[in-house]
$ cat data24.pdb   # PDB, C-alpha atoms
ATOM      1  CA  MET Z   1      -9.578 -49.652  46.871
ATOM      2  CA  ILE Z   2      -7.080 -47.981  49.204
ATOM      3  CA  GLU Z   3      -6.738 -44.226  48.523
ATOM      4  CA  TYR Z   4      -3.893 -43.537  50.962
ATOM      5  CA  LEU Z   5      -2.181 -44.803  54.105
ATOM      6  CA  ARG Z   6      -1.486 -42.505  57.027
ATOM      7  CA  GLY Z   7       0.508 -43.844  59.925
ATOM      8  CA  GLU Z   8       3.894 -44.407  61.483
ATOM      9  CA  LEU Z   9       6.841 -45.099  59.205
ATOM     10  CA  ALA Z  10       8.130 -48.409  60.610
ATOM     11  CA  GLU Z  11      10.827 -49.103  57.986
ATOM     12  CA  LEU Z  12      12.203 -47.257  54.977
ATOM     13  CA  THR Z  13      14.527 -48.415  52.179
ATOM     14  CA  PRO Z  14      15.057 -46.835  48.735
ATOM     15  CA  ALA Z  15      12.590 -49.388  47.285
ATOM     16  CA  THR Z  16      10.019 -49.940  50.059
ATOM     17  CA  ALA Z  17       8.284 -48.237  52.964
ATOM     18  CA  ILE Z  18       6.474 -50.112  55.722
ATOM     19  CA  ILE Z  19       3.714 -47.982  57.202
ATOM     20  CA  GLU Z  20       2.009 -49.051  60.394
ATOM     21  CA  CYS Z  21      -1.696 -48.201  60.556
ATOM     22  CA  CYS Z  22      -3.724 -49.381  63.595
ATOM     23  CA  GLY Z  23      -1.237 -52.151  64.394
ATOM     24  CA  VAL Z  24      -0.954 -53.458  60.806
ATOM     25  CA  GLY Z  25       2.238 -52.897  58.790
ATOM     26  CA  TYR Z  26       1.652 -52.272  55.068
ATOM     27  CA  GLU Z  27       4.604 -52.767  52.738
ATOM     28  CA  THR Z  28       4.514 -50.321  49.821
ATOM     29  CA  SER Z  29       6.824 -50.238  46.800
ATOM     30  CA  ILE Z  30       8.083 -46.665  46.392
ATOM     31  CA  THR Z  31      10.114 -44.501  44.004
ATOM     32  CA  LEU Z  32      13.373 -42.751  44.935
ATOM     33  CA  ASN Z  33      11.510 -39.415  44.907
ATOM     34  CA  THR Z  34       9.051 -40.728  47.507
ATOM     35  CA  TYR Z  35      11.963 -42.212  49.490
ATOM     36  CA  SER Z  36      13.577 -38.744  49.628
ATOM     37  CA  ALA Z  37      10.260 -37.149  50.652
ATOM     38  CA  LEU Z  38       9.722 -39.665  53.499
ATOM     39  CA  GLN Z  39      13.263 -39.640  54.916
ATOM     40  CA  GLY Z  40      13.472 -38.373  58.478
ATOM     41  CA  LYS Z  41       9.696 -38.450  59.054
ATOM     42  CA  LYS Z  42       7.911 -40.454  61.720
ATOM     43  CA  GLU Z  43       4.276 -39.910  60.686
ATOM     44  CA  VAL Z  44       3.631 -40.157  56.935
ATOM     45  CA  LYS Z  45       0.815 -40.078  54.387
ATOM     46  CA  VAL Z  46       1.337 -42.076  51.213
ATOM     47  CA  TYR Z  47      -1.040 -42.213  48.227
ATOM     48  CA  ILE Z  48      -1.613 -45.781  47.086
ATOM     49  CA  TYR Z  49      -2.117 -47.706  43.879
ATOM     50  CA  GLU Z  50      -3.200 -51.264  44.626
ATOM     51  CA  VAL Z  51      -2.491 -54.239  42.334
ATOM     52  CA  ILE Z  52      -4.401 -57.441  43.054
ATOM     53  CA  ARG Z  53      -3.556 -60.493  40.969
ATOM     54  CA  GLU Z  54      -4.026 -64.233  41.541
ATOM     55  CA  ASP Z  55      -0.382 -64.608  42.533
ATOM     56  CA  ALA Z  56       0.295 -61.251  44.210
ATOM     57  CA  HIS Z  57      -1.158 -58.335  46.144
ATOM     58  CA  GLN Z  58       1.084 -55.279  45.791
ATOM     59  CA  LEU Z  59       0.839 -51.693  47.008
ATOM     60  CA  PHE Z  60       2.672 -48.862  45.237
ATOM     61  CA  GLY Z  61       3.098 -45.752  47.402
ATOM     62  CA  PHE Z  62       3.649 -42.124  46.345
ATOM     63  CA  SER Z  63       4.348 -38.986  48.365
ATOM     64  CA  ASN Z  64       1.941 -36.904  46.240
ATOM     65  CA  LYS Z  65      -1.017 -37.333  43.889
ATOM     66  CA  GLN Z  66       0.822 -36.010  40.808
ATOM     67  CA  GLU Z  67       3.396 -38.800  41.013
ATOM     68  CA  ARG Z  68       0.612 -41.387  41.369
ATOM     69  CA  GLU Z  69      -1.283 -39.900  38.381
ATOM     70  CA  LEU Z  70       1.865 -40.081  36.244
ATOM     71  CA  PHE Z  71       2.442 -43.685  37.413
ATOM     72  CA  LEU Z  72      -1.101 -44.587  36.264
ATOM     73  CA  LEU Z  73      -0.435 -42.991  32.869
ATOM     74  CA  LEU Z  74       2.868 -44.878  32.529
ATOM     75  CA  ILE Z  75       1.309 -48.288  33.232
ATOM     76  CA  SER Z  76      -1.383 -47.547  30.623
ATOM     77  CA  VAL Z  77       1.376 -47.666  27.967
ATOM     78  CA  SER Z  78       1.800 -51.094  26.355
ATOM     79  CA  GLY Z  79       4.991 -52.780  27.603
ATOM     80  CA  ILE Z  80       5.301 -50.781  30.845
ATOM     81  CA  GLY Z  81       4.388 -52.567  34.068
ATOM     82  CA  GLY Z  82       4.327 -51.342  37.653
ATOM     83  CA  ASN Z  83       7.997 -51.968  38.419
ATOM     84  CA  THR Z  84       9.193 -50.378  35.162
ATOM     85  CA  ALA Z  85       6.985 -47.336  35.833
ATOM     86  CA  ARG Z  86       8.473 -47.110  39.329
ATOM     87  CA  THR Z  87      12.006 -47.233  37.853
ATOM     88  CA  ILE Z  88      11.138 -44.415  35.418
ATOM     89  CA  LEU Z  89       9.723 -42.293  38.262
ATOM     90  CA  SER Z  90      12.887 -42.960  40.279
ATOM     91  CA  ALA Z  91      15.051 -41.624  37.443
ATOM     92  CA  PHE Z  92      13.065 -38.381  36.972
ATOM     93  CA  THR Z  93      10.970 -35.986  39.011
ATOM     94  CA  VAL Z  94       7.371 -35.547  37.802
ATOM     95  CA  ASN Z  95       8.261 -32.267  36.031
ATOM     96  CA  GLU Z  96      11.442 -33.668  34.442
ATOM     97  CA  LEU Z  97       9.591 -36.668  33.011
ATOM     98  CA  CYS Z  98       6.632 -34.592  31.791
ATOM     99  CA  SER Z  99       9.067 -32.142  30.191
ATOM    100  CA  ALA Z 100      10.921 -35.001  28.433
ATOM    101  CA  ILE Z 101       7.600 -36.386  27.137
ATOM    102  CA  ALA Z 102       6.363 -32.943  26.014
ATOM    103  CA  GLU Z 103       9.636 -32.276  24.155
ATOM    104  CA  GLY Z 104       9.761 -35.761  22.605
ATOM    105  CA  ASN Z 105      13.133 -36.436  24.246
ATOM    106  CA  GLU Z 106      13.660 -40.142  23.495
ATOM    107  CA  VAL Z 107      17.310 -40.084  24.637
ATOM    108  CA  ALA Z 108      16.429 -39.064  28.189
ATOM    109  CA  ILE Z 109      13.604 -41.590  28.482
ATOM    110  CA  LYS Z 110      15.504 -44.539  26.999
ATOM    111  CA  SER Z 111      18.392 -43.850  29.391
ATOM    112  CA  VAL Z 112      16.249 -45.577  32.041
ATOM    113  CA  LYS Z 113      17.194 -49.217  32.588
ATOM    114  CA  GLY Z 114      14.766 -51.518  30.760
ATOM    115  CA  ILE Z 115      13.432 -48.862  28.365
ATOM    116  CA  GLY Z 116      14.347 -49.306  24.701
ATOM    117  CA  LEU Z 117      13.911 -46.860  21.847
ATOM    118  CA  LYS Z 118      10.542 -48.282  20.723
ATOM    119  CA  THR Z 119       9.084 -48.156  24.250
ATOM    120  CA  ALA Z 120      10.380 -44.591  24.711
ATOM    121  CA  GLN Z 121       8.772 -43.547  21.409
ATOM    122  CA  ARG Z 122       5.476 -45.276  22.307
ATOM    123  CA  LEU Z 123       5.486 -43.603  25.729
ATOM    124  CA  ILE Z 124       5.948 -40.159  24.136
ATOM    125  CA  VAL Z 125       3.211 -40.726  21.512
ATOM    126  CA  ASP Z 126       0.720 -42.173  24.042
ATOM    127  CA  LEU Z 127       1.239 -39.630  26.818
ATOM    128  CA  LYS Z 128       2.097 -36.333  25.102
ATOM    129  CA  ASP Z 129      -1.506 -35.070  25.263
ATOM    130  CA  LYS Z 130      -2.411 -36.820  28.540
ATOM    131  CA  ILE Z 131       0.277 -35.173  30.716
ATOM    132  CA  LYS Z 132      -1.263 -31.703  30.364
ATOM    133  CA  GLY Z 133      -3.435 -32.213  33.460
ATOM    134  CA  ILE Z 134      -0.391 -33.052  35.612
ATOM    135  CA  TYR Z 135       2.179 -30.671  34.218
ATOM    136  CA  GLU Z 136       1.893 -27.194  32.764
ATOM    137  CA  VAL Z 137       3.936 -27.276  29.550
ATOM    138  CA  PRO Z 138       5.683 -23.883  29.236
ATOM    139  CA  ALA Z 139       4.523 -21.897  26.195
ATOM    140  CA  GLY Z 140       6.795 -22.446  23.189
ATOM    141  CA  SER Z 141       8.837 -25.194  24.863
ATOM    142  CA  VAL Z 142       7.990 -27.841  22.257
ATOM    143  CA  ALA Z 143       8.553 -25.956  19.000
ATOM    144  CA  PRO Z 144      12.247 -24.958  19.449
ATOM    145  CA  VAL Z 145      13.293 -28.558  20.087
ATOM    146  CA  VAL Z 146      11.942 -29.604  16.690
ATOM    147  CA  ALA Z 147      13.878 -26.811  14.954
ATOM    148  CA  MET Z 148      17.226 -27.808  16.508
ATOM    149  CA  ASN Z 149      19.530 -30.571  15.353
ATOM    150  CA  ASN Z 150      18.305 -33.414  17.577
ATOM    151  CA  GLU Z 151      21.187 -35.712  16.545
ATOM    152  CA  ASN Z 152      23.738 -33.279  17.987
ATOM    153  CA  ILE Z 153      21.722 -32.865  21.178
ATOM    154  CA  ASP Z 154      21.273 -36.636  21.576
ATOM    155  CA  GLY Z 155      24.960 -37.279  20.898
ATOM    156  CA  ALA Z 156      26.081 -34.648  23.398
ATOM    157  CA  VAL Z 157      23.741 -35.987  26.122
ATOM    158  CA  GLN Z 158      24.954 -39.572  25.521
ATOM    159  CA  ALA Z 159      28.597 -38.476  25.697
ATOM    160  CA  LEU Z 160      28.012 -36.581  28.958
ATOM    161  CA  ALA Z 161      26.185 -39.618  30.394
ATOM    162  CA  MET Z 162      29.236 -41.780  29.523
ATOM    163  CA  LEU Z 163      31.391 -39.272  31.404
ATOM    164  CA  GLY Z 164      29.277 -39.951  34.482
ATOM    165  CA  PHE Z 165      26.886 -36.978  34.515
ATOM    166  CA  PRO Z 166      23.210 -37.702  35.308
ATOM    167  CA  VAL Z 167      21.208 -37.877  32.055
ATOM    168  CA  SER Z 168      18.454 -35.536  33.281
ATOM    169  CA  ALA Z 169      20.982 -32.848  34.323
ATOM    170  CA  ALA Z 170      23.025 -33.244  31.117
ATOM    171  CA  ASN Z 171      19.870 -33.048  29.014
ATOM    172  CA  LYS Z 172      18.694 -29.825  30.686
ATOM    173  CA  VAL Z 173      22.044 -28.102  30.153
ATOM    174  CA  VAL Z 174      22.461 -29.288  26.539
ATOM    175  CA  GLN Z 175      18.880 -28.295  25.610
ATOM    176  CA  SER Z 176      19.451 -24.838  27.096
ATOM    177  CA  ILE Z 177      22.760 -24.396  25.201
ATOM    178  CA  ALA Z 178      21.177 -25.652  21.950
ATOM    179  CA  LYS Z 179      18.410 -23.045  22.226
ATOM    180  CA  SER Z 180      20.935 -20.199  22.460
ATOM    181  CA  GLU Z 181      23.406 -21.813  19.970
ATOM    182  CA  PRO Z 182      21.218 -23.694  17.426
ATOM    183  CA  GLY Z 183      24.112 -24.362  15.024
ATOM    184  CA  ALA Z 184      26.479 -25.823  17.642
ATOM    185  CA  THR Z 185      28.280 -29.095  16.815
ATOM    186  CA  ILE Z 186      28.296 -32.071  19.217
ATOM    187  CA  GLU Z 187      31.807 -31.118  20.386
ATOM    188  CA  GLN Z 188      30.787 -27.503  21.058
ATOM    189  CA  LEU Z 189      27.681 -28.617  22.958
ATOM    190  CA  ILE Z 190      29.769 -30.974  25.112
ATOM    191  CA  LYS Z 191      32.454 -28.354  25.840
ATOM    192  CA  LEU Z 192      29.892 -25.719  26.772
ATOM    193  CA  ALA Z 193      27.915 -28.211  28.888
ATOM    194  CA  LEU Z 194      31.053 -29.270  30.808
ATOM    195  CA  LYS Z 195      31.478 -25.667  31.946
ATOM    196  CA  GLN Z 196      27.949 -25.615  33.375
ATOM    197  CA  LEU Z 197      27.670 -29.107  34.898
TER     198      LEU Z 197
END
$ encode --input "data24.pdb" --output "structure tokens"
Amino acid sequence: MIEYLRGELAELTPATAIIECCGVGYETSITLNTYSALQGKKEVKVYIYEVIREDAHQLFGFSNKQERELFLLLISVSGIGGNTARTILSAFTVNELCSAIAEGNEVAIKSVKGIGLKTAQRLIVDLKDKIKGIYEVPAGSVAPVVAMNNENIDGAVQALAMLGFPVSAANKVVQSIAKSEPGATIEQLIKLALKQL
């Protein structure tokens, strides 16, 4: 099993990195977060997850171990394969995704292309306890979300996403407003969020 590749970055696209080690170029499938971390570098170190099947031999590369650990947790969930897990990790940073899982935020997770409501719910149920080793859940961050009107929060985030704001950014702002204004309507949440986004 390959633990990591260290070598010269021969080619880089938002989806792949080719790393040359001792004259051999290894193509690795990467997330957008890893792409950002590798940009502008000549020598790189990428942590690897290797998939060997009868019809394919694929390397997934990550700029840090936490992202790889979260990738392994994601592919352990029924219905999520390597490429879907990579898409999820391209839509969120490690902390953003762990926070969404810890808070049971289905709206944020199902905003990722290819993730439906049932898969988002399964992901939250399966990984809520497992993410603790990767991400330190802030004390008291889970309880307030349950007490708030989740329908208003979800509606406000969806509306902001339709207006073109990134879901993760919209979700952060709306959650923060909802904590300080628990009785806010969808319209109030949207208006207040627009001032902060």
$ closest_residue --input "data24.pdb" --among "Z:Ala100, Z:Leu123, Z:Ala91, Z:Ile115" --to "Ser76 in chain Z" --atoms "only C-alpha atoms"
Z:Leu123
$ residues_around --input "data24.pdb" --residues "Thr31 in chain Z" --least-positions-apart "5" --cutoff "8 Å" --atoms "all atoms listed in the file" --output "PyMOL selection string"
chain Z and resi 14-15+61-62+86-87+89-90
$ closest_residue --input "data24.pdb" --among "Z:Gly81, Z:Ile153, Z:Ala159, Z:Ser168" --to "Ala184 in chain Z" --atoms "all atoms listed in the file"
Z:Ile153
$ axis_aligned_box --input "data24.pdb" --around "range 2-13 of chain Z" --padding-each-side "6 Å" --output "AutoDock Vina command-line options"
--center_x 3.7 --center_y -45.8 --center_z 55.0 --size_x 33.6 --size_y 18.6 --size_z 25.0
$ residues_near_point --input "data24.pdb" --point "(24.0, -25.7, 23.6)" --cutoff "8 Å" --atoms "all atoms listed in the file" --output "list in words"
Ile153, Val173, Val174, Gln175, Ser176, Ile177, Ala178, Lys179, Ser180, Glu181, Pro182, Ala184, Gln188, Leu189, Ile190, Leu192 and Ala193 of chain Z
$ residues_near_point --input "data24.pdb" --point "(0.4, -47.6, 38.6)" --cutoff "10 Å" --atoms "only C-alpha atoms" --output "JSON, numbers by chain"
{"Z": [48, 49, 50, 51, 59, 60, 61, 67, 68, 69, 70, 71, 72, 73, 74, 75, 76, 80, 81, 82, 83, 84, 85, 86]}
$ build_atoms --input "data24.pdb" --residues "range 20-42 of chain Z" --atoms "N, CA and C atoms" --output "PDB file, keeping the file's coordinate frame"
ATOM      1  N   GLU Z  20       2.861 -48.401  59.407  1.00  0.00           N
ATOM      2  CA  GLU Z  20       2.009 -49.051  60.394  1.00  0.00           C
ATOM      3  C   GLU Z  20       0.752 -48.222  60.617  1.00  0.00           C
ATOM      4  N   CYS Z  21      -0.391 -48.846  60.351  1.00  0.00           N
ATOM      5  CA  CYS Z  21      -1.696 -48.201  60.556  1.00  0.00           C
ATOM      6  C   CYS Z  21      -2.528 -49.099  61.462  1.00  0.00           C
ATOM      7  N   CYS Z  22      -2.881 -48.617  62.646  1.00  0.00           N
ATOM      8  CA  CYS Z  22      -3.724 -49.381  63.595  1.00  0.00           C
ATOM      9  C   CYS Z  22      -3.167 -50.781  63.862  1.00  0.00           C
ATOM     10  N   GLY Z  23      -1.852 -50.875  64.038  1.00  0.00           N
ATOM     11  CA  GLY Z  23      -1.237 -52.151  64.394  1.00  0.00           C
ATOM     12  C   GLY Z  23      -0.929 -53.068  63.227  1.00  0.00           C
ATOM     13  N   VAL Z  24      -1.252 -52.646  61.986  1.00  0.00           N
ATOM     14  CA  VAL Z  24      -0.954 -53.458  60.806  1.00  0.00           C
ATOM     15  C   VAL Z  24       0.119 -52.747  59.982  1.00  0.00           C
ATOM     16  N   GLY Z  25       1.167 -53.474  59.601  1.00  0.00           N
ATOM     17  CA  GLY Z  25       2.238 -52.897  58.790  1.00  0.00           C
ATOM     18  C   GLY Z  25       2.006 -53.176  57.312  1.00  0.00           C
ATOM     19  N   TYR Z  26       1.867 -52.122  56.513  1.00  0.00           N
ATOM     20  CA  TYR Z  26       1.652 -52.272  55.068  1.00  0.00           C
ATOM     21  C   TYR Z  26       2.954 -51.986  54.341  1.00  0.00           C
ATOM     22  N   GLU Z  27       3.395 -52.974  53.541  1.00  0.00           N
ATOM     23  CA  GLU Z  27       4.604 -52.767  52.738  1.00  0.00           C
ATOM     24  C   GLU Z  27       4.204 -52.138  51.408  1.00  0.00           C
ATOM     25  N   THR Z  28       4.804 -50.994  51.087  1.00  0.00           N
ATOM     26  CA  THR Z  28       4.514 -50.321  49.821  1.00  0.00           C
ATOM     27  C   THR Z  28       5.797 -50.198  49.007  1.00  0.00           C
ATOM     28  N   SER Z  29       5.692 -50.440  47.721  1.00  0.00           N
ATOM     29  CA  SER Z  29       6.824 -50.238  46.800  1.00  0.00           C
ATOM     30  C   SER Z  29       6.845 -48.754  46.449  1.00  0.00           C
ATOM     31  N   ILE Z  30       8.000 -48.119  46.592  1.00  0.00           N
ATOM     32  CA  ILE Z  30       8.083 -46.665  46.392  1.00  0.00           C
ATOM     33  C   ILE Z  30       9.161 -46.293  45.371  1.00  0.00           C
ATOM     34  N   THR Z  31       9.095 -45.039  44.908  1.00  0.00           N
ATOM     35  CA  THR Z  31      10.114 -44.501  44.004  1.00  0.00           C
ATOM     36  C   THR Z  31      11.189 -43.810  44.846  1.00  0.00           C
ATOM     37  N   LEU Z  32      12.308 -43.472  44.214  1.00  0.00           N
ATOM     38  CA  LEU Z  32      13.373 -42.751  44.935  1.00  0.00           C
ATOM     39  C   LEU Z  32      12.915 -41.353  45.349  1.00  0.00           C
ATOM     40  N   ASN Z  33      12.029 -40.734  44.548  1.00  0.00           N
ATOM     41  CA  ASN Z  33      11.510 -39.415  44.907  1.00  0.00           C
ATOM     42  C   ASN Z  33      10.683 -39.488  46.182  1.00  0.00           C
ATOM     43  N   THR Z  34       9.851 -40.536  46.301  1.00  0.00           N
ATOM     44  CA  THR Z  34       9.051 -40.728  47.507  1.00  0.00           C
ATOM     45  C   THR Z  34       9.963 -41.064  48.688  1.00  0.00           C
ATOM     46  N   TYR Z  35      10.988 -41.879  48.441  1.00  0.00           N
ATOM     47  CA  TYR Z  35      11.963 -42.212  49.490  1.00  0.00           C
ATOM     48  C   TYR Z  35      12.583 -40.926  50.069  1.00  0.00           C
ATOM     49  N   SER Z  36      12.990 -40.014  49.181  1.00  0.00           N
ATOM     50  CA  SER Z  36      13.577 -38.744  49.628  1.00  0.00           C
ATOM     51  C   SER Z  36      12.568 -37.923  50.430  1.00  0.00           C
ATOM     52  N   ALA Z  37      11.302 -37.927  49.976  1.00  0.00           N
ATOM     53  CA  ALA Z  37      10.260 -37.149  50.652  1.00  0.00           C
ATOM     54  C   ALA Z  37       9.930 -37.709  52.037  1.00  0.00           C
ATOM     55  N   LEU Z  38      10.081 -39.032  52.219  1.00  0.00           N
ATOM     56  CA  LEU Z  38       9.722 -39.665  53.499  1.00  0.00           C
ATOM     57  C   LEU Z  38      10.871 -39.698  54.507  1.00  0.00           C
ATOM     58  N   GLN Z  39      12.101 -39.543  54.025  1.00  0.00           N
ATOM     59  CA  GLN Z  39      13.263 -39.640  54.916  1.00  0.00           C
ATOM     60  C   GLN Z  39      13.151 -38.683  56.094  1.00  0.00           C
ATOM     61  N   GLY Z  40      13.455 -39.209  57.286  1.00  0.00           N
ATOM     62  CA  GLY Z  40      13.472 -38.373  58.478  1.00  0.00           C
ATOM     63  C   GLY Z  40      12.107 -38.123  59.104  1.00  0.00           C
ATOM     64  N   LYS Z  41      11.046 -38.661  58.515  1.00  0.00           N
ATOM     65  CA  LYS Z  41       9.696 -38.450  59.054  1.00  0.00           C
ATOM     66  C   LYS Z  41       9.251 -39.651  59.877  1.00  0.00           C
ATOM     67  N   LYS Z  42       8.448 -39.374  60.899  1.00  0.00           N
ATOM     68  CA  LYS Z  42       7.911 -40.454  61.720  1.00  0.00           C
ATOM     69  C   LYS Z  42       6.480 -40.778  61.295  1.00  0.00           C
TER      70      LYS Z  42
END
